[in-house]
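*Asks:* This is input.txt (compact mmCIF, C-alpha atoms).
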# COMPACT_ATOMS: atom_id res chain seq x y z
CA MET A 1 108.16 121.29 131.25
CA ARG A 2 107.87 117.54 130.95
CA LYS A 3 109.55 114.45 129.65
CA LEU A 4 109.03 113.58 126.04
CA SER A 5 108.90 109.98 124.95
CA GLN A 6 108.10 109.61 121.32
CA GLY A 7 109.24 106.18 120.39
CA TYR A 8 111.40 103.12 120.68
CA HIS A 9 114.26 102.67 118.29
CA TYR A 10 115.75 99.20 118.01
CA LEU A 11 119.13 98.88 116.28
CA ILE A 12 119.60 95.24 115.35
CA GLU A 13 122.71 93.54 114.00
CA PHE A 14 122.46 90.12 112.38
CA TYR A 15 125.75 88.24 111.96
CA GLY A 16 126.50 84.98 110.22
CA CYS A 17 123.67 85.49 107.75
CA GLU A 18 123.20 83.43 104.60
CA TYR A 19 124.79 85.15 101.62
CA SER A 20 122.03 84.28 99.16
CA GLN A 21 119.17 85.31 101.42
CA ILE A 22 120.48 88.75 102.32
CA ASN A 23 121.56 89.32 98.73
CA SER A 24 117.99 88.82 97.49
CA LYS A 25 115.80 91.89 97.18
CA ARG A 26 112.72 89.67 97.02
CA ASP A 27 113.62 87.72 100.15
CA ILE A 28 114.35 90.88 102.12
CA ASP A 29 111.09 92.47 101.00
CA THR A 30 109.14 89.36 102.01
CA ILE A 31 110.84 89.09 105.42
CA LEU A 32 110.24 92.71 106.39
CA SER A 33 106.78 93.16 104.88
CA SER A 34 105.41 89.92 106.33
CA SER A 35 106.60 90.95 109.80
CA LEU A 36 103.74 93.47 109.74
CA ASP A 37 101.03 90.93 108.88
CA ASN A 38 98.18 91.11 111.39
CA ARG A 39 99.70 94.18 113.02
CA LYS A 40 97.91 97.51 113.17
CA ILE A 41 100.59 99.32 111.21
CA LYS A 42 100.05 100.64 107.73
CA ILE A 43 102.89 100.65 105.20
CA LEU A 44 102.89 104.14 103.64
CA ARG A 45 105.64 103.28 101.19
CA LYS A 46 108.31 100.68 100.73
CA PHE A 47 111.36 100.52 98.51
CA PHE A 48 114.17 98.02 98.09
CA TYR A 49 117.33 98.38 96.06
CA LYS A 50 119.84 95.74 94.93
CA PHE A 51 123.44 96.90 94.64
CA LYS A 52 125.88 95.49 92.12
CA PRO A 53 127.74 93.28 92.64
CA ARG A 54 125.96 92.58 95.92
CA GLY A 55 124.05 94.01 98.84
CA VAL A 56 120.46 95.08 99.44
CA THR A 57 119.14 98.22 101.06
CA GLY A 58 115.56 99.08 101.76
CA PHE A 59 113.02 100.80 103.88
CA LEU A 60 109.39 100.61 104.89
CA LEU A 61 107.94 103.94 105.87
CA LEU A 62 105.14 103.19 108.32
CA SER A 63 102.14 104.94 109.84
CA ALA A 64 104.15 104.56 113.05
CA SER A 65 107.69 105.40 111.94
CA HIS A 66 109.98 103.02 109.97
CA ILE A 67 111.88 99.81 109.36
CA SER A 68 115.15 99.91 107.42
CA ILE A 69 117.70 97.35 106.32
CA HIS A 70 121.19 97.41 104.85
CA THR A 71 122.96 94.15 104.03
CA TRP A 72 126.59 93.21 103.38
CA PRO A 73 126.31 89.63 102.02
CA GLU A 74 130.09 89.28 101.68
CA LYS A 75 130.33 89.82 105.43
CA ASN A 76 127.19 87.82 106.20
CA TYR A 77 125.96 90.91 108.00
CA ALA A 78 122.66 92.80 108.01
CA ALA A 79 121.75 95.98 109.92
CA VAL A 80 118.05 96.38 110.71
CA ASP A 81 116.39 99.40 112.33
CA ILE A 82 112.91 99.52 113.77
CA PHE A 83 111.66 102.87 115.02
CA THR A 84 108.09 102.71 116.29
CA CYS A 85 105.59 104.67 118.29
CA ILE A 86 103.41 101.66 118.99
CA LYS A 87 103.34 99.54 122.13
CA LYS A 88 106.59 97.82 123.03
CA GLU A 89 104.91 94.41 122.99
CA GLU A 90 103.71 94.95 119.43
CA THR A 91 107.19 95.98 118.33
CA LYS A 92 108.66 92.88 119.92
CA LYS A 93 106.37 90.73 117.78
CA ILE A 94 107.72 92.42 114.66
CA ILE A 95 111.31 91.85 115.79
CA ALA A 96 110.55 88.21 116.62
CA SER A 97 109.12 87.67 113.14
CA ILE A 98 112.14 89.19 111.40
CA THR A 99 114.56 87.29 113.64
CA LYS A 100 112.82 84.01 112.85
CA LYS A 101 112.97 84.57 109.11
CA ILE A 102 116.49 85.96 108.67
CA SER A 103 118.89 83.06 108.82
CA HIS A 104 121.74 84.10 111.17
CA LYS A 105 124.16 82.88 113.82
CA ASN A 106 124.31 85.85 116.19
CA ARG A 107 122.09 88.82 116.87
CA ASN A 108 122.74 91.99 118.80
CA ILE A 109 119.97 94.43 119.76
CA ALA A 110 120.34 97.91 121.19
CA LEU A 111 117.28 99.87 122.30
CA TYR A 112 117.40 103.61 122.11
CA LYS A 113 114.48 105.60 123.50
CA ARG A 114 113.83 108.57 121.25
CA GLY A 115 112.75 111.95 122.48
CA PHE A 116 113.80 111.44 126.07
CA LEU A 117 114.98 114.83 127.16
CA THR A 118 113.31 117.40 129.31
CA ASN A 119 111.58 119.76 126.96
CA ASN A 120 111.87 123.35 128.07
CA SER A 121 110.09 124.80 125.10
CA GLU A 122 106.59 124.21 126.41
CA MET B 123 137.72 86.28 112.96
CA ARG B 124 137.84 90.05 112.91
CA LYS B 125 136.03 93.20 113.86
CA LEU B 126 133.39 94.45 111.53
CA SER B 127 132.76 98.14 111.18
CA GLN B 128 130.20 98.90 108.57
CA GLY B 129 128.99 102.34 109.36
CA TYR B 130 128.24 105.24 111.61
CA HIS B 131 124.71 105.76 112.78
CA TYR B 132 123.84 109.17 114.21
CA LEU B 133 120.59 109.48 116.15
CA ILE B 134 119.73 113.15 116.39
CA GLU B 135 117.01 114.82 118.44
CA PHE B 136 115.94 118.38 117.70
CA TYR B 137 113.91 120.12 120.41
CA GLY B 138 112.23 123.49 120.40
CA CYS B 139 111.63 123.35 116.66
CA GLU B 140 109.33 125.71 114.78
CA TYR B 141 105.88 124.18 114.38
CA SER B 142 105.34 125.41 110.83
CA GLN B 143 108.73 124.32 109.52
CA ILE B 144 108.62 120.74 110.79
CA ASN B 145 104.99 120.46 109.74
CA SER B 146 105.88 121.24 106.12
CA LYS B 147 106.65 118.32 103.83
CA ARG B 148 108.27 120.70 101.35
CA ASP B 149 110.53 122.31 103.95
CA ILE B 150 111.63 118.95 105.34
CA ASP B 151 112.37 117.63 101.84
CA THR B 152 114.41 120.74 101.03
CA ILE B 153 116.39 120.61 104.29
CA LEU B 154 117.34 116.95 103.98
CA SER B 155 117.91 116.83 100.22
CA SER B 156 120.02 119.96 100.12
CA SER B 157 122.27 118.58 102.88
CA LEU B 158 123.62 116.21 100.21
CA ASP B 159 124.48 118.95 97.70
CA ASN B 160 128.11 118.69 96.64
CA ARG B 161 128.51 115.41 98.49
CA LYS B 162 129.44 112.15 96.75
CA ILE B 163 126.26 110.42 97.82
CA LYS B 164 123.53 109.47 95.40
CA ILE B 165 119.87 109.54 96.45
CA LEU B 166 118.40 106.22 95.29
CA ARG B 167 114.90 107.15 96.37
CA LYS B 168 113.21 109.62 98.63
CA PHE B 169 109.73 109.82 100.03
CA PHE B 170 107.97 112.22 102.38
CA TYR B 171 104.55 111.91 103.94
CA LYS B 172 102.38 114.49 105.68
CA PHE B 173 100.16 113.20 108.44
CA LYS B 174 96.80 114.71 109.28
CA PRO B 175 96.32 116.77 111.33
CA ARG B 176 100.10 117.24 111.65
CA GLY B 177 103.51 115.63 111.46
CA VAL B 178 105.89 114.73 108.67
CA THR B 179 107.80 111.53 108.12
CA GLY B 180 110.35 110.89 105.43
CA PHE B 181 113.17 108.79 104.13
CA LEU B 182 116.11 109.23 101.77
CA LEU B 183 117.59 105.92 100.73
CA LEU B 184 121.19 106.60 99.74
CA SER B 185 123.99 104.88 97.87
CA ALA B 186 125.64 104.86 101.29
CA SER B 187 122.77 103.98 103.63
CA HIS B 188 120.00 106.40 104.71
CA ILE B 189 118.61 109.54 106.29
CA SER B 190 115.22 109.45 108.01
CA ILE B 191 113.05 111.99 109.80
CA HIS B 192 109.93 111.89 111.94
CA THR B 193 108.45 115.10 113.29
CA TRP B 194 105.99 115.91 116.07
CA PRO B 195 105.18 119.61 115.46
CA GLU B 196 102.86 119.81 118.47
CA LYS B 197 105.86 118.92 120.63
CA ASN B 198 108.31 121.00 118.60
CA TYR B 199 110.34 117.81 118.23
CA ALA B 200 112.03 116.10 115.28
CA ALA B 201 113.98 112.81 115.24
CA VAL B 202 116.61 112.52 112.52
CA ASP B 203 118.71 109.46 111.71
CA ILE B 204 121.78 109.38 109.52
CA PHE B 205 123.33 106.00 108.83
CA THR B 206 126.34 106.23 106.52
CA CYS B 207 129.28 104.21 105.30
CA ILE B 208 131.18 107.26 104.12
CA LYS B 209 133.96 109.08 105.92
CA LYS B 210 133.05 110.53 109.29
CA GLU B 211 134.10 114.02 108.17
CA GLU B 212 131.73 113.88 105.22
CA THR B 213 128.88 112.76 107.46
CA LYS B 214 129.57 115.63 109.83
CA LYS B 215 129.11 118.09 106.97
CA ILE B 216 125.68 116.62 106.28
CA ILE B 217 124.73 116.90 109.95
CA ALA B 218 126.01 120.50 110.08
CA SER B 219 123.88 121.41 107.07
CA ILE B 220 120.72 119.92 108.56
CA THR B 221 121.41 121.49 111.96
CA LYS B 222 121.83 124.90 110.38
CA LYS B 223 118.56 124.67 108.46
CA ILE B 224 116.26 123.15 111.07
CA SER B 225 115.22 125.91 113.44
CA HIS B 226 115.61 124.51 116.98
CA LYS B 227 116.59 125.35 120.54
CA ASN B 228 118.36 122.19 121.65
CA ARG B 229 119.98 119.28 119.88
CA ASN B 230 121.11 115.92 121.16
CA ILE B 231 123.28 113.55 119.12
CA ALA B 232 124.12 109.93 119.87
CA LEU B 233 126.60 108.03 117.71
CA TYR B 234 126.16 104.32 117.36
CA LYS B 235 128.79 102.36 115.46
CA ARG B 236 127.08 99.66 113.44
CA GLY B 237 128.51 96.23 112.88
CA PHE B 238 130.96 96.36 115.76
CA LEU B 239 130.97 92.86 117.08
CA THR B 240 133.54 90.16 116.68
CA ASN B 241 132.39 88.09 113.76
CA ASN B 242 132.94 84.40 114.31
CA SER B 243 131.41 83.32 111.08
CA GLU B 244 134.44 83.95 108.91
As structure tokens - that is how I would like this structure written.
*Replies:*
Amino acid sequence: MRKLSQGYHYLIEFYGCEYSQINSKRDIDTILSSSLDNRKIKILRKFFYKFKPRGVTGFLLLSASHISIHTWPEKNYAAVDIFTCIKKEETKKIIASITKKISHKNRNIALYKRGFLTNNSE
Amino acid sequence: MRKLSQGYHYLIEFYGCEYSQINSKRDIDTILSSSLDNRKIKILRKFFYKFKPRGVTGFLLLSASHISIHTWPEKNYAAVDIFTCIKKEETKKIIASITKKISHKNRNIALYKRGFLTNNSE
């Protein structure tokens, strides 16, 4: 019996975003993908989708979990999730990169530790 | 200035899972994909990946947000996320379907409402 601790899950809300930026599939792809430059994480697969008339949704499935995004340009709002199993400091660098590149007025971050429950099955 | 409320994000932990089931890419795909049968949600794209020596990770990008999974068979643990913009009752049916099909001993669910912050940008 022991404590599990499998990963850190950051739920990030960006408010006051720029309509055109978060309505661009290309911009969103660039922002998220470049946040992994020089990191030790491999992108297994990525996919972005542009809704009509507006909105972008996408995900990067990583060797160490995932990054996802859903945007509501008409509300200048974007929801970003980062779920990683790498070191917290490394994850913070990814978040800092995304935060720097997404134009926004306010940001809210919640951290949820995944797998924290005493595991009686072992 | 008003309250935003863009979606419900369920963070689900399954403990005491069956090693072979959560180590099977095919089983995981079937469990998650079939949870959307008869629902009004379209799968835009799905992707599952089997790690060596073990573990499965996967993503279903939906017309109304996403479902993700990451499994640690050696710890009998699976982390499932469901982020939807559909009615709460509909989402609960999806969760019930997944819960019924993933063999497990304990489950923990946290609900996080996304986009709940007073938006000063409008």
*Asks:* Here's a check: after a least-squares fit over all in-order C-alpha atoms, write chain B in the frame of chain A, as an mmCIF file with C-alpha atoms, in the frame of the given file.
*Replies:*
data_model
loop_
_atom_site.group_PDB
_atom_site.id
_atom_site.type_symbol
_atom_site.label_atom_id
_atom_site.label_comp_id
_atom_site.auth_asym_id
_atom_site.auth_seq_id
_atom_site.Cartn_x
_atom_site.Cartn_y
_atom_site.Cartn_z
ATOM 1 C CA MET B 123 108.280 121.345 131.142
ATOM 2 C CA ARG B 124 107.995 117.593 130.869
ATOM 3 C CA LYS B 125 109.619 114.470 129.563
ATOM 4 C CA LEU B 126 109.021 113.573 125.986
ATOM 5 C CA SER B 127 108.891 109.967 124.929
ATOM 6 C CA GLN B 128 108.038 109.578 121.315
ATOM 7 C CA GLY B 129 109.191 106.149 120.402
ATOM 8 C CA TYR B 130 111.350 103.102 120.704
ATOM 9 C CA HIS B 131 114.211 102.664 118.311
ATOM 10 C CA TYR B 132 115.720 99.190 118.028
ATOM 11 C CA LEU B 133 119.088 98.878 116.300
ATOM 12 C CA ILE B 134 119.579 95.251 115.367
ATOM 13 C CA GLU B 135 122.689 93.548 114.019
ATOM 14 C CA PHE B 136 122.474 90.129 112.396
ATOM 15 C CA TYR B 137 125.764 88.262 111.974
ATOM 16 C CA GLY B 138 126.500 84.999 110.245
ATOM 17 C CA CYS B 139 123.684 85.504 107.760
ATOM 18 C CA GLU B 140 123.229 83.445 104.606
ATOM 19 C CA TYR B 141 124.823 85.183 101.632
ATOM 20 C CA SER B 142 122.069 84.305 99.172
ATOM 21 C CA GLN B 143 119.193 85.330 101.425
ATOM 22 C CA ILE B 144 120.491 88.783 102.339
ATOM 23 C CA ASN B 145 121.576 89.344 98.752
ATOM 24 C CA SER B 146 118.014 88.846 97.499
ATOM 25 C CA LYS B 147 115.812 91.915 97.194
ATOM 26 C CA ARG B 148 112.740 89.686 97.015
ATOM 27 C CA ASP B 149 113.633 87.734 100.154
ATOM 28 C CA ILE B 150 114.370 90.894 102.129
ATOM 29 C CA ASP B 151 111.090 92.481 101.007
ATOM 30 C CA THR B 152 109.162 89.354 102.004
ATOM 31 C CA ILE B 153 110.844 89.088 105.420
ATOM 32 C CA LEU B 154 110.246 92.707 106.390
ATOM 33 C CA SER B 155 106.781 93.133 104.876
ATOM 34 C CA SER B 156 105.412 89.919 106.309
ATOM 35 C CA SER B 157 106.588 90.927 109.800
ATOM 36 C CA LEU B 158 103.727 93.453 109.730
ATOM 37 C CA ASP B 159 101.022 90.908 108.862
ATOM 38 C CA ASN B 160 98.188 91.072 111.374
ATOM 39 C CA ARG B 161 99.685 94.147 112.999
ATOM 40 C CA LYS B 162 97.875 97.497 113.153
ATOM 41 C CA ILE B 163 100.570 99.288 111.209
ATOM 42 C CA LYS B 164 100.049 100.592 107.710
ATOM 43 C CA ILE B 165 102.900 100.619 105.186
ATOM 44 C CA LEU B 166 102.874 104.102 103.637
ATOM 45 C CA ARG B 167 105.623 103.263 101.183
ATOM 46 C CA LYS B 168 108.317 100.692 100.740
ATOM 47 C CA PHE B 169 111.360 100.549 98.541
ATOM 48 C CA PHE B 170 114.170 98.044 98.093
ATOM 49 C CA TYR B 171 117.339 98.391 96.077
ATOM 50 C CA LYS B 172 119.849 95.782 94.942
ATOM 51 C CA PHE B 173 123.428 96.934 94.666
ATOM 52 C CA LYS B 174 125.873 95.532 92.149
ATOM 53 C CA PRO B 175 127.758 93.324 92.649
ATOM 54 C CA ARG B 176 125.969 92.631 95.955
ATOM 55 C CA GLY B 177 124.049 94.072 98.869
ATOM 56 C CA VAL B 178 120.463 95.092 99.466
ATOM 57 C CA THR B 179 119.124 98.225 101.074
ATOM 58 C CA GLY B 180 115.518 98.969 101.843
ATOM 59 C CA PHE B 181 113.005 101.027 103.715
ATOM 60 C CA LEU B 182 109.415 100.647 104.889
ATOM 61 C CA LEU B 183 107.901 103.956 105.884
ATOM 62 C CA LEU B 184 105.097 103.180 108.321
ATOM 63 C CA SER B 185 102.097 104.912 109.837
ATOM 64 C CA ALA B 186 104.087 104.540 113.050
ATOM 65 C CA SER B 187 107.643 105.355 111.965
ATOM 66 C CA HIS B 188 109.928 102.996 109.988
ATOM 67 C CA ILE B 189 111.857 99.804 109.372
ATOM 68 C CA SER B 190 115.134 99.916 107.447
ATOM 69 C CA ILE B 191 117.688 97.343 106.342
ATOM 70 C CA HIS B 192 121.173 97.414 104.869
ATOM 71 C CA THR B 193 122.953 94.177 104.048
ATOM 72 C CA TRP B 194 126.578 93.251 103.387
ATOM 73 C CA PRO B 195 126.326 89.668 102.040
ATOM 74 C CA GLU B 196 130.098 89.320 101.675
ATOM 75 C CA LYS B 197 130.341 89.856 105.432
ATOM 76 C CA ASN B 198 127.216 87.841 106.218
ATOM 77 C CA TYR B 199 125.962 90.941 108.022
ATOM 78 C CA ALA B 200 122.652 92.818 108.028
ATOM 79 C CA ALA B 201 121.724 95.992 109.950
ATOM 80 C CA VAL B 202 118.033 96.387 110.738
ATOM 81 C CA ASP B 203 116.366 99.393 112.354
ATOM 82 C CA ILE B 204 112.874 99.509 113.775
ATOM 83 C CA PHE B 205 111.620 102.851 115.022
ATOM 84 C CA THR B 206 108.044 102.672 116.301
ATOM 85 C CA CYS B 207 105.531 104.637 118.309
ATOM 86 C CA ILE B 208 103.370 101.610 118.996
ATOM 87 C CA LYS B 209 103.300 99.494 122.126
ATOM 88 C CA LYS B 210 106.557 97.797 123.024
ATOM 89 C CA GLU B 211 104.883 94.372 122.989
ATOM 90 C CA GLU B 212 103.685 94.899 119.436
ATOM 91 C CA THR B 213 107.157 95.961 118.336
ATOM 92 C CA LYS B 214 108.643 92.858 119.916
ATOM 93 C CA LYS B 215 106.368 90.691 117.778
ATOM 94 C CA ILE B 216 107.705 92.394 114.661
ATOM 95 C CA ILE B 217 111.290 91.837 115.793
ATOM 96 C CA ALA B 218 110.539 88.178 116.607
ATOM 97 C CA SER B 219 109.111 87.653 113.127
ATOM 98 C CA ILE B 220 112.137 89.167 111.401
ATOM 99 C CA THR B 221 114.551 87.265 113.650
ATOM 100 C CA LYS B 222 112.834 83.993 112.846
ATOM 101 C CA LYS B 223 112.991 84.564 109.094
ATOM 102 C CA ILE B 224 116.497 85.962 108.691
ATOM 103 C CA SER B 225 118.920 83.059 108.826
ATOM 104 C CA HIS B 226 121.755 84.114 111.171
ATOM 105 C CA LYS B 227 124.182 82.909 113.815
ATOM 106 C CA ASN B 228 124.312 85.860 116.187
ATOM 107 C CA ARG B 229 122.089 88.828 116.873
ATOM 108 C CA ASN B 230 122.717 91.997 118.816
ATOM 109 C CA ILE B 231 119.944 94.423 119.771
ATOM 110 C CA ALA B 232 120.295 97.913 121.211
ATOM 111 C CA LEU B 233 117.232 99.867 122.320
ATOM 112 C CA TYR B 234 117.351 103.611 122.105
ATOM 113 C CA LYS B 235 114.429 105.593 123.484
ATOM 114 C CA ARG B 236 113.779 108.549 121.218
ATOM 115 C CA GLY B 237 112.701 111.936 122.438
ATOM 116 C CA PHE B 238 113.798 111.421 126.022
ATOM 117 C CA LEU B 239 115.069 114.783 127.056
ATOM 118 C CA THR B 240 113.477 117.371 129.253
ATOM 119 C CA ASN B 241 111.738 119.751 126.919
ATOM 120 C CA ASN B 242 112.080 123.343 128.015
ATOM 121 C CA SER B 243 110.238 124.786 125.106
ATOM 122 C CA GLU B 244 106.750 124.196 126.439
#
*Asks:* Find the nearest atom pair between each residue of segment 45-117 of chain A and segment 199-219 of chain B for residues within 10 Å, count only C-alpha atoms, give distances in Å to one decimal, sort rows by chain and ascending number, and present the table as JSON lines.
*Replies:*
{"residue": "A:His70", "atom": "CA", "partner": "B:Phe205", "partner_atom": "CA", "distance": 9.7}
{"residue": "A:Arg114", "atom": "CA", "partner": "B:Ala201", "partner_atom": "CA", "distance": 7.4}
{"residue": "A:Gly115", "atom": "CA", "partner": "B:Ala201", "partner_atom": "CA", "distance": 7.4}
*Asks:* Pull out every residue of chain B that has at least one atom within 8 Å of chain A, counting all atoms listed in the file, and report them as a tab-separated table (two decimals) with C-alpha atoms, in the frame of the given file.
*Replies:*
chain	number	residue	atom	x	y	z
B	135	GLU	CA	117.01	114.82	118.44
B	137	TYR	CA	113.91	120.12	120.41
B	138	GLY	CA	112.23	123.49	120.40
B	166	LEU	CA	118.40	106.22	95.29
B	167	ARG	CA	114.90	107.15	96.37
B	169	PHE	CA	109.73	109.82	100.03
B	171	TYR	CA	104.55	111.91	103.94
B	179	THR	CA	107.80	111.53	108.12
B	180	GLY	CA	110.35	110.89	105.43
B	181	PHE	CA	113.17	108.79	104.13
B	183	LEU	CA	117.59	105.92	100.73
B	187	SER	CA	122.77	103.98	103.63
B	192	HIS	CA	109.93	111.89	111.94
B	197	LYS	CA	105.86	118.92	120.63
B	198	ASN	CA	108.31	121.00	118.60
B	199	TYR	CA	110.34	117.81	118.23
B	201	ALA	CA	113.98	112.81	115.24
B	227	LYS	CA	116.59	125.35	120.54
B	236	ARG	CA	127.08	99.66	113.44
B	237	GLY	CA	128.51	96.23	112.88
B	241	ASN	CA	132.39	88.09	113.76
B	242	ASN	CA	132.94	84.40	114.31
B	243	SER	CA	131.41	83.32	111.08
B	244	GLU	CA	134.44	83.95	108.91
*Asks:* So which one's closest to Val56 of chain A, A:Ser33, A:Ser103, A:Gln21, A:Asn38? Using all atoms listed in the file, please.
*Replies:*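 Answer, going by the shortest atom-to-atom distance: A:Gln21.
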*Asks:* To one decimal place, how far is atom CA of Pro175 of chain B from atom CA of Pro195 of chain B in Å?
*Replies:*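 Between these atoms lies a distance of 10.2 Å.
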